[in-house]
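J.: Provided herewith: data-v1.csv, CSV, C-alpha atoms and all ligand atoms.
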```csv
chain,number,residue,atom,x,y,z
A,1,MET,CA,0.0,0.0,0.0
A,2,SER,CA,1.8,3.1,-1.2
A,3,ASP,CA,0.2,5.6,1.2
A,4,PHE,CA,0.7,3.4,4.2
A,5,ILE,CA,1.8,5.5,7.2
A,6,PRO,CA,4.2,3.5,9.5
A,7,VAL,CA,4.3,4.2,13.2
A,8,CYS,CA,7.9,5.4,13.0
A,9,GLU,CA,10.6,5.5,10.5
A,10,PRO,CA,14.1,6.9,11.0
A,11,LEU,CA,15.1,10.2,9.4
A,12,LEU,CA,18.6,10.0,8.0
A,13,GLU,CA,19.0,13.2,6.0
A,14,GLY,CA,22.4,14.5,7.2
A,15,ASN,CA,26.0,13.2,7.0
A,16,GLU,CA,25.1,9.5,7.9
A,17,LEU,CA,26.2,8.0,4.5
A,18,LYS,CA,29.2,10.2,4.2
A,19,TYR,CA,30.6,9.3,7.7
A,20,VAL,CA,29.7,5.5,7.4
A,21,THR,CA,31.4,5.4,4.0
A,22,GLU,CA,34.5,7.0,5.4
A,23,ALA,CA,34.5,4.4,8.2
A,24,VAL,CA,34.2,1.6,5.7
A,25,GLU,CA,36.8,3.0,3.3
A,26,THR,CA,39.3,3.5,6.1
A,27,GLY,CA,38.6,0.0,7.6
A,28,TRP,CA,37.7,1.4,11.0
A,29,ILE,CA,34.5,-0.6,11.5
A,30,SER,CA,34.9,-1.9,15.1
A,31,SER,CA,34.9,0.2,18.2
A,32,SER,CA,38.3,1.9,17.8
A,33,GLY,CA,37.5,4.4,15.1
A,34,LYS,CA,37.4,8.2,15.6
A,35,TYR,CA,33.6,8.4,15.3
A,36,VAL,CA,33.0,6.7,18.7
A,37,SER,CA,34.9,9.4,20.6
A,38,GLU,CA,33.5,12.1,18.4
A,39,PHE,CA,29.9,10.9,18.9
A,40,GLU,CA,30.5,10.6,22.7
A,41,LYS,CA,31.8,14.1,22.8
A,42,ALA,CA,29.1,15.6,20.6
A,43,PHE,CA,26.1,13.9,22.2
A,44,SER,CA,27.3,14.3,25.8
A,45,GLU,CA,27.8,18.0,25.1
A,46,TYR,CA,24.4,18.2,23.6
A,47,CYS,CA,23.0,16.8,26.9
A,48,GLY,CA,25.0,19.3,28.9
A,49,CYS,CA,27.3,16.6,30.3
A,50,LYS,CA,31.1,16.4,30.4
A,51,TYR,CA,31.3,12.7,29.6
A,52,GLY,CA,29.7,10.1,27.4
A,53,VAL,CA,30.2,6.4,27.1
A,54,ALA,CA,28.8,4.9,23.8
A,55,VAL,CA,27.4,1.4,24.1
A,56,CYS,CA,25.5,-1.1,21.9
A,57,ASN,CA,22.0,-0.3,23.1
A,58,GLY,CA,19.9,1.5,25.7
A,59,THR,CA,19.3,-1.6,27.9
A,60,VAL,CA,23.0,-2.1,28.5
A,61,ALA,CA,23.5,1.6,29.1
A,62,LEU,CA,21.2,1.3,32.1
A,63,HIS,CA,23.0,-1.9,33.3
A,64,LEU,CA,26.4,-0.2,33.0
A,65,ALA,CA,25.1,2.8,34.9
A,66,LEU,CA,23.9,0.6,37.8
A,67,VAL,CA,27.2,-1.4,37.7
A,68,ALA,CA,29.1,1.9,38.0
A,69,LEU,CA,27.1,2.8,41.1
A,70,GLY,CA,27.9,-0.6,42.6
A,71,ILE,CA,24.2,-1.8,42.7
A,72,GLY,CA,24.0,-5.5,43.2
A,73,PRO,CA,22.3,-8.5,44.9
A,74,GLY,CA,20.3,-7.5,48.0
A,75,ASP,CA,19.7,-4.0,46.8
A,76,GLU,CA,16.4,-2.5,45.6
A,77,VAL,CA,15.9,0.0,42.8
A,78,ILE,CA,12.7,2.0,42.4
A,79,ILE,CA,11.4,2.2,38.9
A,80,PRO,CA,8.0,3.2,37.4
A,81,THR,CA,5.8,0.2,36.6
A,82,PHE,CA,4.8,2.0,33.4
A,83,THR,CA,7.9,1.7,31.3
A,84,MET,CA,9.6,-0.5,28.7
A,85,ILE,CA,10.9,-3.7,30.3
A,86,ALA,CA,14.5,-2.7,29.7
A,87,THR,CA,14.4,-0.5,32.8
A,88,ALA,CA,13.5,-3.5,34.9
A,89,TYR,CA,15.8,-6.0,33.1
A,90,ALA,CA,18.8,-3.7,33.7
A,91,VAL,CA,18.1,-3.9,37.5
A,92,CYS,CA,17.8,-7.7,37.3
A,93,TYR,CA,21.1,-8.0,35.5
A,94,THR,CA,22.8,-6.6,38.5
A,95,GLY,CA,21.1,-9.1,40.8
A,96,ALA,CA,19.1,-6.3,42.6
A,97,THR,CA,15.3,-6.2,42.7
A,98,PRO,CA,13.2,-3.6,40.8
A,99,VAL,CA,10.4,-2.1,43.0
A,100,PHE,CA,7.5,-0.6,41.1
A,101,VAL,CA,5.7,2.7,41.5
A,102,ASP,CA,2.5,3.6,39.6
A,103,ALA,CA,2.3,6.3,37.0
A,104,ASP,CA,0.9,9.8,37.4
A,105,LYS,CA,-2.5,10.1,35.7
A,106,ASN,CA,-1.6,13.3,33.8
A,107,THR,CA,2.1,13.1,32.9
A,108,TRP,CA,2.2,9.2,32.7
A,109,ASN,CA,5.6,9.5,34.5
A,110,ILE,CA,6.4,7.9,37.8
A,111,ASP,CA,4.0,9.3,40.5
A,112,VAL,CA,6.4,11.2,42.7
A,113,ASN,CA,3.9,11.1,45.6
A,114,LEU,CA,4.1,7.3,45.8
A,115,ILE,CA,7.8,6.9,45.7
A,116,GLU,CA,8.6,7.3,49.4
A,117,LYS,CA,6.1,4.5,50.4
A,118,LYS,CA,8.3,2.1,48.5
A,119,ILE,CA,11.6,3.0,50.0
A,120,THR,CA,13.1,0.5,52.4
A,121,SER,CA,16.6,0.1,54.1
A,122,LYS,CA,17.6,-1.9,50.9
A,123,THR,CA,16.7,0.9,48.4
A,124,LYS,CA,19.8,2.2,46.7
A,125,ALA,CA,18.6,4.1,43.6
A,126,ILE,CA,15.6,5.5,41.7
A,127,ILE,CA,15.3,5.2,37.9
A,128,PRO,CA,12.9,7.9,36.7
A,129,VAL,CA,11.9,7.2,33.1
A,130,HIS,CA,11.1,10.3,31.0
A,131,ILE,CA,8.1,8.6,29.3
A,132,MET,CA,7.5,9.4,25.7
A,133,GLY,CA,10.2,12.2,26.0
A,134,ASN,CA,8.3,14.0,28.8
A,135,PRO,CA,10.7,14.9,31.6
A,136,CYS,CA,9.9,13.7,35.1
A,137,ASN,CA,9.4,16.0,38.1
A,138,MET,CA,13.2,15.9,38.9
A,139,THR,CA,12.9,18.5,41.6
A,140,LYS,CA,10.8,16.2,43.7
A,141,ILE,CA,12.7,13.1,42.8
A,142,LYS,CA,16.0,14.8,43.8
A,143,ASP,CA,14.5,15.9,47.1
A,144,ILE,CA,13.5,12.3,47.8
A,145,ALA,CA,16.9,10.9,46.7
A,146,ASN,CA,18.7,13.5,48.9
A,147,LYS,CA,16.6,12.8,51.9
A,148,HIS,CA,17.1,9.0,51.7
A,149,ASN,CA,20.6,9.1,50.3
A,150,LEU,CA,19.8,7.4,47.0
A,151,PHE,CA,21.4,7.5,43.6
A,152,ILE,CA,19.4,8.6,40.6
A,153,VAL,CA,19.8,7.1,37.1
A,154,GLU,CA,17.7,8.8,34.5
A,155,ASP,CA,16.2,6.4,31.9
A,156,ALA,CA,16.2,9.0,29.1
A,157,ALA,CA,16.0,6.4,26.4
A,158,GLU,CA,13.0,8.3,24.9
A,159,ALA,CA,14.0,11.8,25.8
A,160,HIS,CA,16.9,13.1,23.6
A,161,GLY,CA,17.0,16.9,24.0
A,162,ALA,CA,14.1,17.1,26.4
A,163,GLU,CA,14.5,19.8,29.1
A,164,TYR,CA,13.5,20.3,32.7
A,165,ASN,CA,14.0,23.8,34.2
A,166,GLY,CA,16.1,24.6,31.2
A,167,GLN,CA,18.5,21.6,31.7
A,168,LYS,CA,18.6,18.7,29.3
A,169,THR,CA,17.5,15.3,30.4
A,170,GLY,CA,20.4,12.9,31.1
A,171,SER,CA,22.2,15.7,32.9
A,172,LEU,CA,19.8,15.9,35.8
A,173,SER,CA,21.1,13.1,37.9
A,174,ASP,CA,24.1,10.9,38.6
A,175,LEU,CA,24.0,9.2,35.2
A,176,GLY,CA,21.7,9.5,32.2
A,177,CYS,CA,21.0,6.6,29.8
A,178,PHE,CA,19.9,6.9,26.2
A,179,SER,CA,18.8,4.5,23.5
A,180,PHE,CA,19.5,5.1,19.8
A,181,PHE,CA,17.1,2.4,18.5
A,182,ALA,CA,15.7,3.2,15.0
A,183,ASN,CA,12.5,4.7,16.3
A,184,LYS,CA,14.2,7.1,18.6
A,185,ASN,CA,14.5,10.9,18.0
A,186,ILE,CA,18.3,10.3,17.5
A,187,THR,CA,19.3,6.9,16.2
A,188,THR,CA,22.3,4.8,15.4
A,189,GLY,CA,20.2,1.7,14.3
A,190,GLU,CA,21.0,0.0,17.6
A,191,GLY,CA,22.9,1.9,20.2
A,192,GLY,CA,23.0,3.6,23.5
A,193,MET,CA,25.0,6.0,25.7
A,194,VAL,CA,25.6,6.8,29.3
A,195,VAL,CA,26.2,10.5,30.1
A,196,THR,CA,27.4,12.0,33.3
A,197,ASN,CA,29.3,14.9,34.9
A,198,ASN,CA,31.0,12.6,37.4
A,199,LYS,CA,34.5,11.6,36.3
A,200,ASP,CA,34.7,8.6,38.6
A,201,LEU,CA,31.4,7.2,37.3
A,202,TYR,CA,32.5,7.9,33.7
A,203,GLU,CA,35.7,5.9,34.2
A,204,LYS,CA,33.8,3.0,35.8
A,205,CYS,CA,31.5,2.9,32.8
A,206,LYS,CA,34.4,2.9,30.4
A,207,TYR,CA,36.2,0.2,32.3
A,208,HIS,CA,33.2,-2.2,32.6
A,209,LYS,CA,32.0,-1.6,29.1
A,210,ASN,CA,35.3,-2.9,27.7
A,211,MET,CA,35.8,-6.2,29.4
A,212,CYS,CA,37.5,-4.5,32.4
A,213,PHE,CA,40.6,-4.0,30.4
A,214,PRO,CA,42.6,-1.5,32.6
A,215,LEU,CA,42.0,2.1,31.4
A,216,ASP,CA,45.6,3.3,31.7
A,217,ALA,CA,47.8,0.2,31.6
A,218,PRO,CA,49.1,-2.0,28.7
A,219,ARG,CA,46.8,-4.8,27.6
A,220,ASN,CA,48.4,-7.7,29.3
A,221,TYR,CA,45.1,-9.7,29.4
A,222,LEU,CA,45.0,-9.8,33.1
A,223,HIS,CA,41.6,-8.7,34.5
A,224,ASP,CA,40.7,-7.7,38.0
A,225,ASP,CA,36.9,-7.6,37.6
A,226,ILE,CA,34.2,-9.3,35.5
A,227,GLY,CA,33.5,-6.9,32.6
A,228,PHE,CA,31.1,-6.7,29.6
A,229,ASN,CA,31.6,-6.2,26.0
A,230,TYR,CA,29.1,-3.4,25.5
A,231,ARG,CA,31.1,-1.5,22.9
A,232,MET,CA,29.5,0.5,20.1
A,233,SER,CA,31.0,0.1,16.6
A,234,ASN,CA,32.5,3.0,14.7
A,235,LEU,CA,29.8,2.4,12.0
A,236,HIS,CA,27.0,3.0,14.4
A,237,ALA,CA,28.8,6.0,16.0
A,238,ALA,CA,29.3,7.5,12.5
A,239,ILE,CA,25.5,7.5,12.1
A,240,GLY,CA,25.1,8.8,15.7
A,241,LEU,CA,27.5,11.8,15.0
A,242,ALA,CA,25.5,12.7,11.9
A,243,GLN,CA,22.3,12.4,13.8
A,244,THR,CA,23.5,14.6,16.6
A,245,GLU,CA,24.4,17.3,14.1
A,246,CYS,CA,20.7,17.4,13.3
A,247,ALA,CA,19.5,17.0,16.9
A,248,ASP,CA,17.7,20.3,17.3
A,249,LYS,CA,16.1,20.1,13.9
A,250,TYR,CA,14.7,16.6,14.6
A,251,ARG,CA,13.6,17.6,18.1
A,252,GLY,CA,11.7,20.5,16.4
A,253,TYR,CA,10.0,18.0,14.0
A,254,ARG,CA,8.7,15.8,16.8
A,255,ILE,CA,7.4,18.8,18.8
A,256,LYS,CA,5.7,20.1,15.7
A,257,ASN,CA,4.0,16.7,15.1
A,258,ALA,CA,2.7,16.8,18.7
A,259,GLU,CA,1.3,20.3,18.3
A,260,LEU,CA,-0.5,19.3,15.1
A,261,TYR,CA,-2.0,16.2,16.6
A,262,TYR,CA,-3.1,18.2,19.6
A,263,GLU,CA,-4.7,20.9,17.5
A,264,TYR,CA,-6.7,18.3,15.5
A,265,LEU,CA,-7.8,16.1,18.3
A,266,HIS,CA,-7.8,17.7,21.7
A,267,LYS,CA,-11.4,18.8,21.5
A,268,ILE,CA,-12.6,15.3,20.5
A,269,PRO,CA,-14.5,13.7,23.4
A,270,GLY,CA,-12.8,10.6,24.7
A,271,ILE,CA,-9.3,11.4,23.4
A,272,ILE,CA,-6.9,12.0,26.3
A,273,PHE,CA,-3.3,13.3,25.8
A,274,GLN,CA,-0.3,13.1,28.0
A,275,SER,CA,0.3,16.4,29.9
A,276,ASP,CA,3.7,18.0,30.0
A,277,GLU,CA,5.5,18.1,33.3
A,278,ILE,CA,5.6,21.7,34.7
A,279,ASN,CA,8.7,23.7,33.6
A,280,SER,CA,9.7,21.2,31.0
A,281,LEU,CA,10.1,20.7,27.3
A,282,SER,CA,8.8,17.3,26.1
A,283,VAL,CA,10.3,16.0,22.9
A,284,HIS,CA,7.2,13.9,22.2
A,285,TRP,CA,9.0,10.7,21.1
A,286,MET,CA,5.7,9.0,20.4
A,287,ASN,CA,2.4,10.8,20.1
A,288,SER,CA,0.2,8.7,22.4
A,289,ILE,CA,-3.4,8.9,23.2
A,290,VAL,CA,-5.7,7.2,25.6
A,291,ILE,CA,-9.3,6.4,24.6
A,292,ASP,CA,-12.3,6.7,26.9
A,293,ALA,CA,-14.6,4.4,25.0
A,294,ASN,CA,-17.7,5.8,26.6
A,295,LEU,CA,-17.0,9.3,25.4
A,296,PHE,CA,-15.4,8.4,22.1
A,297,GLY,CA,-18.0,5.9,21.1
A,298,HIS,CA,-15.6,3.1,20.3
A,299,THR,CA,-12.9,1.2,22.2
A,300,ARG,CA,-9.2,1.6,21.7
A,301,ASP,CA,-9.0,-1.7,19.8
A,302,GLU,CA,-11.8,-0.8,17.5
A,303,LEU,CA,-10.1,2.5,16.7
A,304,ILE,CA,-6.8,0.8,16.1
A,305,LYS,CA,-8.5,-1.6,13.6
A,306,HIS,CA,-10.2,1.2,11.9
A,307,LEU,CA,-6.8,3.0,11.4
A,308,LYS,CA,-5.2,-0.2,10.2
A,309,ASP,CA,-8.0,-0.6,7.6
A,310,HIS,CA,-7.1,2.9,6.4
A,311,GLY,CA,-3.3,2.1,6.1
A,312,ILE,CA,-2.3,3.7,9.4
A,313,ASP,CA,0.1,1.8,11.7
A,314,THR,CA,-0.1,2.2,15.5
A,315,ARG,CA,1.4,0.4,18.6
A,316,LEU,CA,-0.1,-0.4,22.0
A,317,LEU,CA,1.4,1.4,25.0
A,318,PHE,CA,3.7,-0.6,27.3
A,319,ASN,CA,2.3,-3.2,29.7
A,320,GLY,CA,3.2,-2.4,33.3
A,321,MET,CA,6.1,-4.3,35.0
A,322,HIS,CA,3.7,-5.7,37.6
A,323,ARG,CA,2.1,-7.6,34.8
A,324,GLN,CA,5.3,-9.4,33.7
A,325,LYS,CA,5.6,-13.1,34.5
A,326,ALA,CA,9.3,-12.8,34.0
A,327,LEU,CA,9.6,-10.2,36.8
A,328,PHE,CA,7.1,-12.1,39.1
A,329,ASP,CA,9.2,-15.2,38.7
A,330,TYR,CA,12.4,-13.2,39.4
A,331,GLY,CA,10.9,-12.3,42.8
A,332,CYS,CA,9.4,-8.8,42.2
A,333,GLU,CA,6.4,-7.7,44.2
A,334,CYS,CA,3.7,-7.8,41.5
A,335,THR,CA,0.5,-8.0,43.5
A,336,GLY,CA,0.0,-4.4,44.3
A,337,GLU,CA,-2.5,-2.1,42.6
A,338,TYR,CA,-1.3,0.0,39.7
A,339,PRO,CA,-4.5,1.5,38.4
A,340,VAL,CA,-3.0,4.3,36.3
A,341,SER,CA,-0.5,2.0,34.5
A,342,ASP,CA,-3.3,-0.5,33.9
A,343,TRP,CA,-5.5,2.3,32.5
A,344,LEU,CA,-2.7,3.4,30.1
A,345,SER,CA,-1.9,-0.1,29.0
A,346,ASP,CA,-5.5,-1.1,28.4
A,347,ASN,CA,-6.7,2.1,26.6
A,348,GLY,CA,-3.7,3.8,25.1
A,349,PHE,CA,-1.7,3.6,21.9
A,350,TYR,CA,0.8,5.4,19.8
A,351,LEU,CA,0.0,7.3,16.6
A,352,PRO,CA,2.5,7.6,13.7
A,353,SER,CA,5.2,9.8,15.1
A,354,ALA,CA,8.3,9.8,12.9
A,355,SER,CA,10.4,13.0,12.6
A,356,GLY,CA,9.8,13.0,8.9
A,357,LEU,CA,6.0,12.8,9.0
A,358,SER,CA,4.4,15.3,6.7
A,359,GLU,CA,1.6,17.7,7.8
A,360,SER,CA,-0.7,16.0,5.3
A,361,GLN,CA,0.0,12.6,6.8
A,362,ILE,CA,-0.8,13.9,10.3
A,363,ALA,CA,-4.0,15.4,8.9
A,364,LYS,CA,-4.9,12.0,7.4
A,365,VAL,CA,-4.4,10.3,10.7
A,366,ALA,CA,-6.4,12.9,12.6
A,367,ASN,CA,-9.2,13.0,10.1
A,368,THR,CA,-9.5,9.2,10.0
A,369,ILE,CA,-9.9,9.2,13.8
A,370,ILE,CA,-12.4,12.1,13.7
A,371,ALA,CA,-14.5,10.4,10.9
A,372,PHE,CA,-14.8,7.2,13.0
A,373,ARG,CA,-16.8,8.8,15.8
A,401,LIG,C1,12.2,3.7,28.5
A,401,LIG,C2,13.1,2.8,27.8
A,401,LIG,N1,14.2,2.3,28.4
A,401,LIG,C3,15.1,1.5,27.8
A,401,LIG,C4,15.0,1.2,26.5
A,401,LIG,C5,16.0,0.2,25.9
A,401,LIG,O1,16.6,0.7,24.8
A,401,LIG,P1,17.2,-0.3,23.7
A,401,LIG,O2,16.1,-0.9,22.9
A,401,LIG,O3,18.1,0.5,22.9
A,401,LIG,O4,17.9,-1.4,24.4
A,401,LIG,C6,13.9,1.6,25.8
A,401,LIG,C7,13.7,1.3,24.3
A,401,LIG,O5,12.8,1.6,23.6
A,401,LIG,C8,12.9,2.4,26.4
A,401,LIG,O6,11.8,2.9,25.8
```
Transcribe the structure of this file into structure tokens.
Ligand SMILES: Cc1ncc(COP(=O)(O)O)c(C=O)c1O
T.:
Amino acid sequence: MSDFIPVCEPLLEGNELKYVTEAVETGWISSSGKYVSEFEKAFSEYCGCKYGVAVCNGTVALHLALVALGIGPGDEVIIPTFTMIATAYAVCYTGATPVFVDADKNTWNIDVNLIEKKITSKTKAIIPVHIMGNPCNMTKIKDIANKHNLFIVEDAAEAHGAEYNGQKTGSLSDLGCFSFFANKNITTGEGGMVVTNNKDLYEKCKYHKNMCFPLDAPRNYLHDDIGFNYRMSNLHAAIGLAQTECADKYRGYRIKNAELYYEYLHKIPGIIFQSDEINSLSVHWMNSIVIDANLFGHTRDELIKHLKDHGIDTRLLFNGMHRQKALFDYGCECTGEYPVSDWLSDNGFYLPSASGLSESQIAKVANTIIAFR
């Protein structure tokens, strides 16, 4: 179907091909080429951070950040239940236990008023997730972390260039973690990065990412710690550098998409949008809506089918972590009530959201929804 609108396609309209070609032509295709350090420098600076450690995806970025903080078996880490499962997996990889907090009904981010109830003597860190590119209430989260002596690792996998109180996400805590999967606002195909302003944590990330080879000693193949091969290749970093050069432009496209969808749809009864956090700039990674079937006249699933019949692709929102058998079997407390997360999972979905979406495509999506009522 030629006028099919996919939910998200990457936009690669800068120097991607030029830099990748250069990497291939010079033979620097593994992780030692110049693009890795150039991408780390460019992207961490974009985030307002001194240091960046490029890795092979966003999931291992989170794991590496927790390793750098020394999180391990017996520890608890607070995460929102409404997130992508990578946030929870990263905690499990360390041997620690993820502890879930429900979402806020308006912002869909972790409900900051419920965090303290979940803190125990074992709690070591909080991972706020800037859901859909909407920054969390970091003022409140930092207050809680300071009061209870906890680390904060931002899961900014969906929030490239988002801002809270004028500061970029990723730079608002001990360590910030990004994904560069193909649907992200900045992509390398597969990829991730940990950013930080803390030199010691930066060095720990670098060390553990590369098999725990000593940072400043000759490679004698003697290792003091168990490390990981989480390296990003120069080919991926070449794409990442080119994407970072366009970061503000792409951010603008995503914000414009969101404004257009909102203009078309916010007055339609039964369509609910995510609200931006106060003093923040959301980068609207995915334009998501929740359907109140009574007001809209059809269920979420009926609307999704209608859009599919008209060549428009969508995706369901995440299922909460408390609903995951894998995490229940791991030993997480999954029996609590998480009504907001359940409401989002059962009634919400993403609309097409690519940076390169045209205004006429957005009009088509919106008018197809409106015509269905
Ligand atoms: C909130 C969140 N955290 C982590 C990840 C993991 O990133 P990756 O797929 O690059 O491993 C994602 C990916 O979509 C995500 O949405």
J.: List every protein, DNA or RNA residue that has an atom no more than 9 Å from (9.0, 3.9, 48.5) in the file's coordinate frame, counting only C-alpha atoms, and report them as a ChimeraX atom specification.
T.: /A:78,99-101,114-120,123
J.: Which is closest to ligand LIG 401 (chain A) among A:Lys147, A:Lys184, A:His236, A:Arg254, if we use all atoms listed in the file?
T.: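 Of all the options, A:Lys184 lies closest to ligand LIG 401 (chain A).
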J.: Please identify the residues whose atoms come within 7 Å of ligand LIG 401 (chain A), using only C-alpha atoms and all ligand atoms, and report them as number ranges by chain.
T.: A: 57-60, 83-84, 86-87, 129, 131, 155-158, 179-181, 190-192
J.: Each residue of range 229-296 of chain A with at least one atom at most 7 Å from range 331-349 of chain A should appear once, together with its nearest atom pair and the corresponding distance in Å (one decimal); atoms considered: only C-alpha atoms; ordering: chain, then increasing residue number; output as CSV.
T.:
```
residue,atom,partner,partner_atom,distance
A:Ser288,CA,A:Phe349,CA,5.5
A:Ile289,CA,A:Gly348,CA,5.5
A:Val290,CA,A:Gly348,CA,4.0
A:Ile291,CA,A:Asn347,CA,5.4
```
J.: So that I can check the surroundings of Thr196 in chain A, please list as a VMD selection string every protein, DNA and RNA residue that reaches within 12 Å of it, counting all atoms listed in the file and ignoring chain neighbours fewer than 5 positions away.
T.: chain A and resid 40 to 41 43 to 54 61 65 68 152 to 154 168 to 178 201 to 206
J.: Compile the contact shell of range 272-276 of chain A as number ranges by chain: residues with an atom at most 8 Å away, counting all atoms listed in the file, same-chain residues fewer than 3 positions apart removed.
T.: A: 106-108, 134-135, 262, 266, 280-282, 288-292
J.: What's the 8 Å shell around range 2-7 of chain A, counting all atoms listed in the file, without same-chain residues fewer than 5 positions away, as JSON, numbers by chain?
T.: {"A": [311, 312, 313, 314, 315, 350, 351, 352, 353, 354, 361]}
J.: Residues of the last selection are to be written out with C-alpha atoms, as a compact mmCIF listing (two decimals), in the frame of the given file.
T.:
```
# COMPACT_ATOMS: atom_id res chain seq x y z
CA GLY A 311 -3.30 2.10 6.10
CA ILE A 312 -2.30 3.70 9.40
CA ASP A 313 0.10 1.80 11.70
CA THR A 314 -0.10 2.20 15.50
CA ARG A 315 1.40 0.40 18.60
CA TYR A 350 0.80 5.40 19.80
CA LEU A 351 0.00 7.30 16.60
CA PRO A 352 2.50 7.60 13.70
CA SER A 353 5.20 9.80 15.10
CA ALA A 354 8.30 9.80 12.90
CA GLN A 361 0.00 12.60 6.80
```
J.: Quick one, how far is CA of Lys124 in chain A from CA of Val112 in chain A?
T.: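 Separating CA of Lys124 in chain A from CA of Val112 in chain A is a distance of 16.6 Å.
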J.: Write out as a PyMOL selection string each polymer residue whose atoms come within 12 Å of Pro73 in chain A, counting all atoms listed in the file; drop sequence neighbours fewer than 2 positions from it.
T.: chain A and resi 66-67+70-71+75-77+91-98+122-124
J.: For CA of Met193 in chain A and CA of His130 in chain A, quote the distance in Å rounded to one decimal.
T.: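 Distance between the two atoms: 15.5 Å.
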J.: Excluding same-chain residues fewer than 2 positions from range 221-226 of chain A, what lies within 9 Å of it counting all atoms listed in the file, as an MDAnalysis selection string?
T.: chainID A and resid 208 211:214 218:219 228
J.: Calculate how many Å separate CA of Ile29 in chain A from CA of Asn15 in chain A, rounding to one decimal.
T.: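 Rounded to one decimal, the two atoms are 16.8 Å apart.
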J.: Anything within 10 Å of (9.9, 17.6, 14.7): list those residues as JSON, numbers by chain, counting only C-alpha atoms and sticking to the file's coordinates.
T.: {"A": [185, 247, 248, 249, 250, 251, 252, 253, 254, 255, 256, 257, 258, 259, 283, 284, 285, 353, 354, 355, 356, 357, 358]}
